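Here is upload-v7.cif, consisting of mmCIF, C-alpha atoms:
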data_data
#
loop_
_atom_site.group_PDB
_atom_site.id
_atom_site.type_symbol
_atom_site.label_atom_id
_atom_site.label_comp_id
_atom_site.auth_asym_id
_atom_site.auth_seq_id
_atom_site.Cartn_x
_atom_site.Cartn_y
_atom_site.Cartn_z
ATOM 1 C CA MET A 3 94.783 79.837 131.777
ATOM 2 C CA ILE A 4 96.766 82.495 133.665
ATOM 3 C CA ASP A 5 94.283 82.341 136.545
ATOM 4 C CA ARG A 6 94.615 78.549 136.644
ATOM 5 C CA TYR A 7 98.417 78.810 136.703
ATOM 6 C CA LEU A 8 98.304 81.298 139.587
ATOM 7 C CA ARG A 9 95.870 79.056 141.491
ATOM 8 C CA GLU A 10 98.276 76.160 141.004
ATOM 9 C CA LEU A 11 101.202 78.222 142.360
ATOM 10 C CA ARG A 12 99.079 79.221 145.364
ATOM 11 C CA ARG A 13 98.095 75.586 145.943
ATOM 12 C CA ARG A 14 101.777 74.668 145.927
ATOM 13 C CA GLY A 15 102.574 77.127 148.709
ATOM 14 C CA VAL A 16 103.282 80.430 146.921
ATOM 15 C CA ARG A 17 101.024 82.696 148.963
ATOM 16 C CA ASP A 18 102.954 85.957 148.825
ATOM 17 C CA GLU A 19 100.557 88.362 147.093
ATOM 18 C CA ARG A 20 103.445 90.484 145.821
ATOM 19 C CA VAL A 21 104.953 87.469 144.038
ATOM 20 C CA LEU A 22 101.593 86.479 142.572
ATOM 21 C CA ALA A 23 100.973 90.036 141.317
ATOM 22 C CA GLU A 24 104.400 90.055 139.682
ATOM 23 C CA VAL A 25 103.824 86.672 138.043
ATOM 24 C CA ARG A 26 100.419 87.815 136.771
ATOM 25 C CA ALA A 27 101.921 90.986 135.235
ATOM 26 C CA HIS A 28 104.631 88.905 133.561
ATOM 27 C CA LEU A 29 102.196 86.338 132.146
ATOM 28 C CA GLU A 30 99.873 89.041 130.839
ATOM 29 C CA ASP A 31 102.791 90.778 129.093
ATOM 30 C CA ALA A 32 103.997 87.510 127.595
ATOM 31 C CA ALA A 33 100.458 86.480 126.579
ATOM 32 C CA GLN A 34 100.102 89.661 124.542
ATOM 33 C CA GLU A 35 103.007 88.527 122.394
ATOM 34 C CA GLY A 36 102.424 84.816 122.014
ATOM 35 C CA GLY A 37 99.182 83.832 123.702
ATOM 36 C CA GLU A 38 98.433 82.537 127.197
ATOM 37 C CA ALA A 39 99.466 78.930 126.543
ATOM 38 C CA ALA A 40 102.933 79.942 125.326
ATOM 39 C CA ALA A 41 103.323 82.440 128.174
ATOM 40 C CA VAL A 42 102.517 79.821 130.798
ATOM 41 C CA GLU A 43 104.785 77.236 129.163
ATOM 42 C CA ALA A 44 107.730 79.647 128.968
ATOM 43 C CA PHE A 45 107.301 80.573 132.632
ATOM 44 C CA GLY A 46 107.967 76.999 133.664
ATOM 45 C CA PRO A 47 106.100 74.120 135.330
ATOM 46 C CA PRO A 48 104.266 75.286 138.501
ATOM 47 C CA ARG A 49 105.906 72.479 140.516
ATOM 48 C CA VAL A 50 109.410 73.753 139.687
ATOM 49 C CA ILE A 51 108.584 77.453 139.940
ATOM 50 C CA ALA A 52 106.722 77.105 143.258
ATOM 51 C CA ARG A 53 109.731 75.312 144.757
ATOM 52 C CA ARG A 54 112.002 78.204 143.742
ATOM 53 C CA PHE A 55 109.710 80.788 145.310
ATOM 54 C CA ARG A 56 109.126 78.952 148.566
ATOM 55 C CA ARG A 57 111.270 79.711 151.564
ATOM 56 C CA PRO A 58 113.536 76.819 152.620
ATOM 57 C CA GLU A 59 111.826 74.590 155.148
ATOM 58 C CA TRP A 60 114.816 73.155 156.988
ATOM 59 C CA PRO A 61 114.659 75.781 159.803
ATOM 60 C CA ALA A 62 111.052 74.751 160.488
ATOM 61 C CA TRP A 63 112.031 71.062 160.544
ATOM 62 C CA LEU A 64 114.931 71.811 162.877
ATOM 63 C CA VAL A 65 112.754 73.792 165.311
ATOM 64 C CA ALA A 66 109.966 71.178 165.177
ATOM 65 C CA LEU A 67 112.184 68.163 165.820
ATOM 66 C CA VAL A 68 114.484 69.754 168.418
ATOM 67 C CA PHE A 69 111.722 71.427 170.436
ATOM 68 C CA GLY A 70 109.368 68.431 170.082
ATOM 69 C CA ALA A 71 112.081 66.127 171.440
ATOM 70 C CA ALA A 72 113.042 68.588 174.202
ATOM 71 C CA ILE A 73 109.439 68.928 175.377
ATOM 72 C CA ALA A 74 109.057 65.121 175.455
ATOM 73 C CA TYR A 75 112.359 64.747 177.344
ATOM 74 C CA ILE A 76 111.470 67.376 179.956
ATOM 75 C CA ASP A 77 107.968 65.954 180.388
ATOM 76 C CA SER A 78 109.390 62.463 180.955
ATOM 77 C CA ARG A 79 111.559 63.618 183.927
ATOM 78 C CA PRO A 80 110.247 62.332 187.245
ATOM 79 C CA THR A 81 110.524 65.830 188.743
ATOM 80 C CA TRP A 82 108.296 67.382 186.054
ATOM 81 C CA ASP A 83 104.610 67.552 186.840
ATOM 82 C CA ASP A 84 103.039 70.356 184.863
ATOM 83 C CA THR A 85 100.899 69.013 182.033
ATOM 84 C CA GLY A 86 99.516 72.471 181.296
ATOM 85 C CA VAL A 87 102.944 73.896 180.477
ATOM 86 C CA THR A 88 103.770 70.848 178.321
ATOM 87 C CA ALA A 89 100.507 71.149 176.361
ATOM 88 C CA PHE A 90 100.945 74.904 175.923
ATOM 89 C CA SER A 91 104.551 74.448 174.739
ATOM 90 C CA ILE A 92 103.469 71.919 172.116
ATOM 91 C CA LEU A 93 100.780 74.301 170.903
ATOM 92 C CA VAL A 94 103.155 77.280 170.690
ATOM 93 C CA VAL A 95 105.969 75.358 168.940
ATOM 94 C CA SER A 96 103.523 73.843 166.420
ATOM 95 C CA ALA A 97 102.102 77.288 165.692
ATOM 96 C CA ALA A 98 105.587 78.796 165.291
ATOM 97 C CA VAL A 99 106.760 76.185 162.790
ATOM 98 C CA ALA A 100 103.490 76.449 160.858
ATOM 99 C CA VAL A 101 104.120 80.191 160.556
ATOM 100 C CA LEU A 102 107.640 79.471 159.261
ATOM 101 C CA ALA A 103 106.384 76.835 156.786
ATOM 102 C CA PRO A 104 102.605 77.007 156.337
ATOM 103 C CA ARG A 105 102.363 74.393 153.564
ATOM 104 C CA HIS A 106 101.000 71.019 154.708
ATOM 105 C CA PRO A 107 100.577 71.967 158.406
ATOM 106 C CA TRP A 108 99.761 68.322 159.246
ATOM 107 C CA ARG A 109 103.506 67.617 159.064
ATOM 108 C CA TRP A 110 104.087 69.739 162.151
ATOM 109 C CA ILE A 111 101.446 67.866 164.131
ATOM 110 C CA PHE A 112 103.666 64.791 163.969
ATOM 111 C CA ALA A 113 107.087 66.471 163.969
ATOM 112 C CA VAL A 114 106.290 68.368 167.193
ATOM 113 C CA GLY A 115 103.524 66.364 168.830
ATOM 114 C CA ALA A 116 104.505 62.739 168.230
ATOM 115 C CA TRP A 117 107.585 62.727 170.467
ATOM 116 C CA LEU A 118 105.656 62.921 173.724
ATOM 117 C CA PRO A 119 103.312 59.934 173.125
ATOM 118 C CA VAL A 120 106.195 57.879 171.715
ATOM 119 C CA VAL A 121 108.335 58.505 174.832
ATOM 120 C CA GLU A 122 105.422 58.027 177.244
ATOM 121 C CA ILE A 123 104.119 54.850 175.626
ATOM 122 C CA THR A 124 107.569 53.243 175.408
ATOM 123 C CA GLN A 125 108.490 54.234 178.988
ATOM 124 C CA THR A 126 105.223 53.776 180.894
ATOM 125 C CA GLY A 127 102.681 52.356 178.441
ATOM 126 C CA ASN A 128 100.504 55.422 179.085
ATOM 127 C CA ALA A 129 98.549 56.059 175.867
ATOM 128 C CA GLY A 130 96.768 59.089 177.332
ATOM 129 C CA SER A 131 99.639 61.290 176.213
ATOM 130 C CA ILE A 132 98.394 60.879 172.652
ATOM 131 C CA THR A 133 96.290 63.985 173.377
ATOM 132 C CA ALA A 134 99.539 65.891 172.702
ATOM 133 C CA LEU A 135 98.654 65.453 169.027
ATOM 134 C CA ALA A 136 95.436 67.412 169.586
ATOM 135 C CA PHE A 137 97.390 70.404 170.955
ATOM 136 C CA ALA A 138 99.845 70.136 168.081
ATOM 137 C CA THR A 139 96.895 70.092 165.643
ATOM 138 C CA VAL A 140 95.400 73.267 167.107
ATOM 139 C CA GLY A 141 98.822 74.972 167.072
ATOM 140 C CA ALA A 142 99.632 73.943 163.491
ATOM 141 C CA LEU A 143 96.251 75.140 162.200
ATOM 142 C CA LEU A 144 96.523 78.442 164.068
ATOM 143 C CA GLY A 145 100.045 79.005 162.749
ATOM 144 C CA SER A 146 99.019 78.193 159.209
ATOM 145 C CA LEU A 147 96.083 80.642 159.365
ATOM 146 C CA LEU A 148 98.290 83.301 160.933
ATOM 147 C CA SER A 149 100.861 82.867 158.177
ATOM 148 C CA ARG A 150 98.244 83.360 155.438
ATOM 149 C CA GLY A 151 97.195 86.597 157.110
ATOM 150 C CA ARG A 152 100.718 87.994 157.193
ATOM 151 C CA SER A 153 101.855 87.320 153.588
ATOM 152 C CA THR A 154 103.164 90.406 151.788
ATOM 153 C CA PRO A 155 100.102 92.188 150.392
ATOM 154 C CA ALA A 156 99.737 92.911 146.703
ATOM 155 C CA PRO A 157 100.745 96.463 145.838
ATOM 156 C CA ALA A 158 97.884 98.979 145.764
ATOM 157 C CA MET B 30 125.904 88.960 137.434
ATOM 158 C CA LEU B 31 123.946 88.798 134.173
ATOM 159 C CA LEU B 32 120.798 90.151 135.779
ATOM 160 C CA LEU B 33 122.732 92.947 137.472
ATOM 161 C CA ALA B 34 124.394 93.877 134.169
ATOM 162 C CA VAL B 35 121.086 94.036 132.312
ATOM 163 C CA ILE B 36 119.392 96.063 135.050
ATOM 164 C CA ARG B 37 122.344 98.470 135.328
ATOM 165 C CA ASP B 38 121.884 99.469 131.695
ATOM 166 C CA SER B 39 118.108 99.386 131.587
ATOM 167 C CA PRO B 40 116.132 99.259 134.833
ATOM 168 C CA GLY B 41 112.843 97.508 134.189
ATOM 169 C CA HIS B 42 110.278 94.942 135.219
ATOM 170 C CA GLY B 43 110.992 91.209 135.199
ATOM 171 C CA TYR B 44 109.567 90.536 131.764
ATOM 172 C CA ALA B 45 111.615 93.340 130.185
ATOM 173 C CA VAL B 46 114.763 92.111 131.958
ATOM 174 C CA ILE B 47 114.238 88.582 130.613
ATOM 175 C CA GLN B 48 113.632 89.889 127.082
ATOM 176 C CA GLU B 49 116.763 92.023 127.265
ATOM 177 C CA LEU B 50 118.819 89.105 128.579
ATOM 178 C CA ARG B 51 117.595 86.971 125.695
ATOM 179 C CA ARG B 52 118.252 89.697 123.131
ATOM 180 C CA ARG B 53 121.779 90.406 124.352
ATOM 181 C CA SER B 54 122.689 86.718 124.406
ATOM 182 C CA ASN B 55 121.316 86.180 120.878
ATOM 183 C CA GLU B 56 118.653 83.847 122.323
ATOM 184 C CA ALA B 57 121.356 81.643 123.858
ATOM 185 C CA LEU B 58 120.132 82.250 127.422
ATOM 186 C CA LYS B 59 116.587 80.911 127.434
ATOM 187 C CA LEU B 60 115.837 80.120 131.052
ATOM 188 C CA PRO B 61 112.411 79.081 132.273
ATOM 189 C CA GLU B 62 111.179 82.627 132.812
ATOM 190 C CA GLY B 63 109.751 81.920 136.243
ATOM 191 C CA THR B 64 113.186 81.102 137.647
ATOM 192 C CA VAL B 65 114.366 84.675 137.090
ATOM 193 C CA TYR B 66 111.979 86.166 139.674
ATOM 194 C CA PRO B 67 113.296 84.259 142.708
ATOM 195 C CA ALA B 68 116.786 85.362 141.611
ATOM 196 C CA LEU B 69 115.638 88.994 141.398
ATOM 197 C CA HIS B 70 114.081 88.696 144.861
ATOM 198 C CA ARG B 71 117.292 87.240 146.294
ATOM 199 C CA LEU B 72 119.333 90.091 144.822
ATOM 200 C CA GLU B 73 116.844 92.545 146.265
ATOM 201 C CA SER B 74 116.982 90.968 149.717
ATOM 202 C CA ARG B 75 120.793 91.203 149.577
ATOM 203 C CA GLY B 76 120.446 94.929 148.895
ATOM 204 C CA LEU B 77 121.854 94.762 145.363
ATOM 205 C CA LEU B 78 118.563 95.721 143.702
ATOM 206 C CA ARG B 79 115.651 97.899 144.683
ATOM 207 C CA SER B 80 112.139 97.507 143.393
ATOM 208 C CA GLU B 81 109.287 99.918 142.970
ATOM 209 C CA TRP B 82 105.751 99.361 141.720
ATOM 210 C CA SER B 83 104.684 101.523 138.828
ATOM 211 C CA PHE B 84 101.648 101.719 136.596
ATOM 212 C CA GLU B 85 102.469 101.342 132.891
ATOM 213 C CA SER B 86 100.116 100.546 130.010
ATOM 214 C CA ASN B 87 97.237 99.963 132.433
ATOM 215 C CA ARG B 88 99.212 97.343 134.325
ATOM 216 C CA ARG B 89 101.023 97.321 137.657
ATOM 217 C CA ARG B 90 104.650 96.396 137.268
ATOM 218 C CA CYS B 91 107.475 95.890 139.689
ATOM 219 C CA VAL B 92 110.453 97.811 138.284
ATOM 220 C CA TYR B 93 113.964 96.814 139.401
ATOM 221 C CA SER B 94 116.974 99.084 139.492
ATOM 222 C CA LEU B 95 120.523 98.737 140.770
ATOM 223 C CA THR B 96 121.554 100.065 144.187
ATOM 224 C CA ALA B 97 125.027 101.461 144.901
ATOM 225 C CA ALA B 98 125.891 98.104 146.518
ATOM 226 C CA GLY B 99 124.631 96.337 143.385
ATOM 227 C CA ARG B 100 126.812 98.526 141.191
ATOM 228 C CA SER B 101 129.957 97.739 143.171
ATOM 229 C CA ALA B 102 129.050 94.012 143.392
ATOM 230 C CA LEU B 103 128.668 93.975 139.607
ATOM 231 C CA MET B 104 132.047 95.635 139.125
ATOM 232 C CA GLN B 105 133.661 93.047 141.398
ATOM 233 C CA GLU B 106 131.949 90.200 139.544
ATOM 234 C CA GLN B 107 133.050 91.629 136.200
ATOM 235 C CA ARG B 108 136.660 91.819 137.395
ATOM 236 C CA ALA B 109 136.518 88.238 138.680
ATOM 237 C CA TRP B 110 134.986 87.070 135.404
ATOM 238 C CA ALA B 111 137.640 88.902 133.339
ATOM 239 C CA ASN B 112 140.389 87.247 135.411
ATOM 240 C CA PHE B 113 138.767 83.840 134.944
ATOM 241 C CA VAL B 114 138.407 84.294 131.174
ATOM 242 C CA HIS B 115 142.000 85.535 130.967
ATOM 243 C CA ALA B 116 143.229 82.468 132.870
ATOM 244 C CA VAL B 117 141.258 80.025 130.719
ATOM 245 C CA GLU B 118 142.406 81.707 127.520
ATOM 246 C CA GLY B 119 145.972 81.436 128.767
ATOM 247 C CA VAL B 120 145.574 77.697 129.241
ATOM 248 C CA LEU B 121 143.790 77.127 125.925
ATOM 249 C CA ALA B 122 146.355 79.149 123.971
ATOM 250 C CA THR B 123 149.268 76.976 125.079
#
Would you encode the structure as structure tokens?
Amino acid sequence: MIDRYLRELRRRGVRDERVLAEVRAHLEDAAQEGGEAAAVEAFGPPRVIARRFRRPEWPAWLVALVFGAAIAYIDSRPTWDDTGVTAFSILVVSAAVAVLAPRHPWRWIFAVGAWLPVVEITQTGNAGSITALAFATVGALLGSLLSRGRSTPAPA
Amino acid sequence: MLLLAVIRDSPGHGYAVIQELRRRSNEALKLPEGTVYPALHRLESRGLLRSEWSFESNRRRCVYSLTAAGRSALMQEQRAWANFVHAVEGVLAT
């Protein structure tokens, strides 16, 4: 039951190994006194507890929306003609926000990558810019993987 | 403030801190236990607590203790609380 609870916390975005080790120690202590079911119940619902442990996500949303819009604006200027830089910027910003908030990386694909196709399609009808979503996808997945690798390790 | 006060008198791991908090409040403070850890982590990141992993009873435990900054923050909080209680008592007594 403790293992299931920890899996549920991890699924809900608590990936810091130090936190998980601390929660496990607590639940094992509490289970010795009143059993695993009571220990898990007293600790609180995983949905509520995971939210408390997670870092706030508003900085990631701010970066994603501001940079996504800025990239789309710059790319739409008639003087701008460097698709490579635009694609690379989308990839880097998506990766950065996925590192900041690795849960549900698909959100960052749209928050960063959707601006460009929306602007392009409404201004010129060019649907080719939808490939921006592919770069955002690669960036978001890379960032999410990177973030899992850099979570605080469990104590030795 | 409550967590700092408990840890000042008896540094310990999260579970022990929660038990002590419950004991001292005569079971009045029964928080969902999991909510105490994020609070401990916040206090630690503000430099008011320090933590150290130890090995007790065949189990790894993260033991919290008060820093000098935590001690002075607690004293400030206690003064503010005493002033607040004094003010409320003044109002209720009239």
Which residues of chain B sit at most 9 Å from chain A, using all atoms listed in the file? Give each one's shortest atom pair and distance in Å (one decimal place), in chain and ascending residue order, as CSV.
residue,atom,partner,partner_atom,distance
B:His42,CA,A:His28,CA,8.4
B:Gly43,CA,A:His28,CA,7.0
B:Tyr44,CA,A:His28,CA,5.5
B:Ala45,CA,A:His28,CA,8.9
B:Leu60,CA,A:Ala44,CA,8.4
B:Pro61,CA,A:Gly46,CA,5.1
B:Glu62,CA,A:Phe45,CA,4.4
B:Gly63,CA,A:Phe45,CA,4.6
B:Thr64,CA,A:Ile51,CA,6.3
B:Tyr66,CA,A:Phe55,CA,8.1
B:Pro67,CA,A:Phe55,CA,5.6
B:Ala68,CA,A:Arg54,CA,8.9
B:Trp82,CA,A:Pro157,CA,7.1
B:Arg88,CA,A:Ala27,CA,7.0
B:Arg89,CA,A:Ala27,CA,6.8
B:Arg90,CA,A:Ala27,CA,6.4
B:Cys91,CA,A:Glu24,CA,6.6
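The interatomic distance for the pair CA of Arg105 in chain A and CA of Ser74 in chain B works out to 22.4 Å.
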Polymer residues at most 9 Å from (122.7, 95.1, 146.4) by all atoms listed in the file, as a ChimeraX atom specification
/B:72-79,95-102
List the residues matched by the PyMOL selection byres ((chain A and resi 144) around 12) in the displayed structure as a PyMOL selection string, ordered by chain and then by residue number.
chain A and resi 93-101+104+107-108+110-111+137-143+145-151
Excluding Ser131 in chain A and residues on its chain fewer than 2 positions from it, collect all residues at most 9 Å away from it, counting only C-alpha atoms, and give them as a VMD selection string.
chain A and resid 118 to 120 122 to 123 128 to 129 133 to 135
Measuring atom to atom with only C-alpha atoms, identify which of A:Ala71, A:Arg6, A:Ala39, A:Arg57 is nearest to Asp18 in chain A.
A:Arg57
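The space between CA of Asp5 in chain A and CA of Gln34 in chain A spans 15.2 Å.
One finds CA of Arg49 in chain A at 15.2 Å from CA of Ile4 in chain A.
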